[in-house]
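Inspection log for the structure reproduced underneath, given as C-alpha cells.
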Amino acid sequence: MSHEMKHDLKKVSAAFEIAGDFIHAEPYGSGHINDTYAASFSQGGTPVRYIFQRINHNIFKTPPALMENIERVTSHQQKKLASAGDASRKALSLIKTRCGRAYSNDDEGNYWRSYIFVEKAKTYDIIETPDQAFQAARAFGEFQKTLVDLPGGRLLETIPDFHNTPKRYAALEEAIQRDVKNRAAECKAEIEFTMKRKEVAGLLIDMCAKGEIPERITHNDTKLNNVMIDDTTNEGICVIDLDTVMPGLVHYDFGDLVRTSTSPAAEDEKDLSKVKMQMNMFEGLIKGYLESAGAFLTPREKEYLPFAGKLITLEIGVRFLTDFLMGDVYFKTKRPEHNLDRCRTQFKLVQSIGEQEDKMASFIR
Ligand code: ADP
Ligand code: GN1
Ligand code: MG
C-alpha cells in the first residue's frame with residue numbers, strides 16, 4: 001500500500017494491552033500525514049486486527065496534548081453511544097498501553113497509538129455514488145452534533161491557525177519569495193491563480209471574529225477517506241482521523257466534503273478534464289449534512305455552505321503549492337511534481353465550484 005514497512009510493529013505493539021500472539025503487520029491506508037499499520041494478533045486461534053499509528057510529531061508538536069483531546073472526544077462519543085446501545089463500531093476506541101496510557105513512546109522518540117480495527121467497513125479515496133456523499137456528510141454532521149456538549153474546557157489547538165486561510169496565503173507568499181528549490185518559475189500560472197482570489201481568504205474567519213458565525217468543535221479534516229462506510233449497509237458508520245478535532249468553523253468541515261466528495265477524479269489526477277464539481281454529489285452532501293447538523297446550524301451558517309467548498313479547496317491548493325515550493329516537506333509525496341499535481345486539481349475544482357455556485361446556493365434554499 002502507501003508506504004514501506006519502516007517500523008518493527010511486533011515491538012511497538014508489545015507496549016499495548018492486546019491479548020494473543022502477534023501474527024503480522026502491514027502499512028495501511030492512504031493518509032498524507034501519519035504512518036498507519038494494520039496488525040493482526042491470534043486470539044484463541046482467530047486473527048484479530050488492530051490499527052497502529054505513529055503520530056507525525058513534526059506536524060503535531062504536542063502529541064500528549066493531542067492524545068488528551070482524542071481521549072476526551074472518543075470517551076464522550078462512547079458514553080453517548082453506550083446509552084443508545086450501539087458503541088462498538090460507531091466511534092474509535094483507543095487501546096491503552098500496559099501502563100494505562102493512551103500512547104506509547106519508542107526508543108526513537110516516536111509516539112504510537114492503537115485503535116480497535118473497524119471491520120467490515122472501508123474508506124474511499126474517490127466518491128462513487130450520491131448516497132455515499134449523503135452518508136459521509138451525515139456522519140460528519142452527527143460527529144459535530146455529538147460534540148456540542150463535550151464537557152471540560154476548550155480543546156487544545158493541535159495545529160494553531162489550521163484553517164486560517166489568510167495565514168496559509170502568507171505562508172505561500174513567503175515560500176514564493178524564498179523559492180528555496182527554484183520551483184516558482186514552474187508554477188507561475190498557479191501563483192497567479194491564487195493571487196487573483198486572495199480577497200476571499202478571510203471571509204469566514206472575519207465573520208467569526210465579528211460574532212456572525214460561532215466557533216464550534218469541528219473535525220477539520222473531513223476528507224472522504226476519513227469516514228468508514230459499512231460494507232453491507234453502506235452507512236457512514238465511523239468518523240476517524242481525529243488529530244485535528246479542535247475549535248473551528250463548520251464550514252471548513254462541510255467544505256472539505258465538497259472538496260473530496262464531489263469530483264470523480266483523484267486528488268492527484270493529472271488529467272484535469274476529469275476534475276469537476278458534480279451537482280448530484282453536492283446534493284447528497286447537503287441532504288446528509290442537514291439531516292444530522294441541520295437542527296443546530298444557524299441560518300447564516302447554512303447560507304455559507306456552498307462558499308465553504310470553494311474556500312477550503314482554494315486553501316488546500318495553496319497548501320499543496322506552498323509545500324511544492326518548499327521542497328515537499330509536509331505532505332507525503334511519491335514523485336517530484338506530486339504536490340503541484342495536487343494543487344492543480346484543487347484549482348480546477350475551485351473553478352468548477354465557482355461556475356456552479358448559484359445553482360448550489362439555490363439548492364440549499
Ligand atoms: P492519516 O492522518 O495519515 O490520514 P488516518 O487516521 O486517516 O491517518 O488513517 C489512515 C487510513 O487507515 C484511513 O483512511 C483508514 O482507511 C484506515 N484506518 C484508520 N483507522 C482505522 C480503524 N480504526 N479501523 C479501520 N481502518 C482504519
Ligand atoms: C492531510 O491526514 P490526511 O491525509 O487525512 C491534511 C489535511 C489535508 C489533506 C489533503 C493534518 O489529511 O489538512 O486537507 O491531507 N492533514 C493535516 O488531502 O495537515
Ligand atoms: Mg486520514
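Order determines the names: the first chain of the C-alpha cells is A, the second B, and so forth; residues in each chain are numbered 1 upward, and ligands are numbered 1 upward as they are shown.
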- Could I get the residue neighbourhood of ligand 1 at 9 Å, counting only C-alpha atoms and all ligand atoms, as a PyMOL selection string? chain A and resi 27-38+49-53+55-56+89+91-94+114-125+221+223-228+238-243
Using only C-alpha atoms, what does the table of segment 17-62 of chain A residues within 9 Å of segment 153-177 of chain A look like, with each row giving the shortest atom pair and its distance in Å to one decimal, sorted by chain and ascending number, as a tab-separated table?
```
residue	atom	partner	partner_atom	distance
A:Ile59	CA	A:Ile159	CA	7.7
A:Phe60	CA	A:Thr158	CA	6.2
A:Lys61	CA	A:Thr158	CA	7.5
A:Thr62	CA	A:Thr158	CA	7.1
```
Can you write just those residues out, C-alpha atoms, as a PDB file, in the first residue's frame?
```pdb
ATOM      1  CA  ILE A  59       3.466  18.272  12.244  1.00  0.00           C
ATOM      2  CA  PHE A  60       1.748  17.694  15.598  1.00  0.00           C
ATOM      3  CA  LYS A  61       4.130  19.329  18.043  1.00  0.00           C
ATOM      4  CA  THR A  62       2.474  18.171  21.271  1.00  0.00           C
TER       5      THR A  62
END
```
Which residues are close to segment 183-194 of chain A, i.e. within 8 Å by only C-alpha atoms, leaving aside same-chain residues fewer than 6 positions away? Reply as a list in words.
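Listing them by chain and then by number gives Ile176, Leu314, Val318, Leu321, Phe324, Leu325, Leu340, Cys343, Arg344 and Phe347 of chain A.
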Task: Among listed residues A:Lys90, A:Arg365, A:Lys10, A:Arg54, nearest Tyr304 of chain A (using only C-alpha atoms) - done: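 Of A:Lys90, A:Arg365, A:Lys10, A:Arg54, the one nearest Tyr304 of chain A is A:Arg365, counting only C-alpha atoms.
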Quick one: pick out all helix (DSSP H, G or I) residues within segment 173-286 of chain A from a backbone DSSP run and write them as a PyMOL selection string.
chain A and resi 173-178+184-196+198-200+203-209+224-226+250-261+272-274+279-286
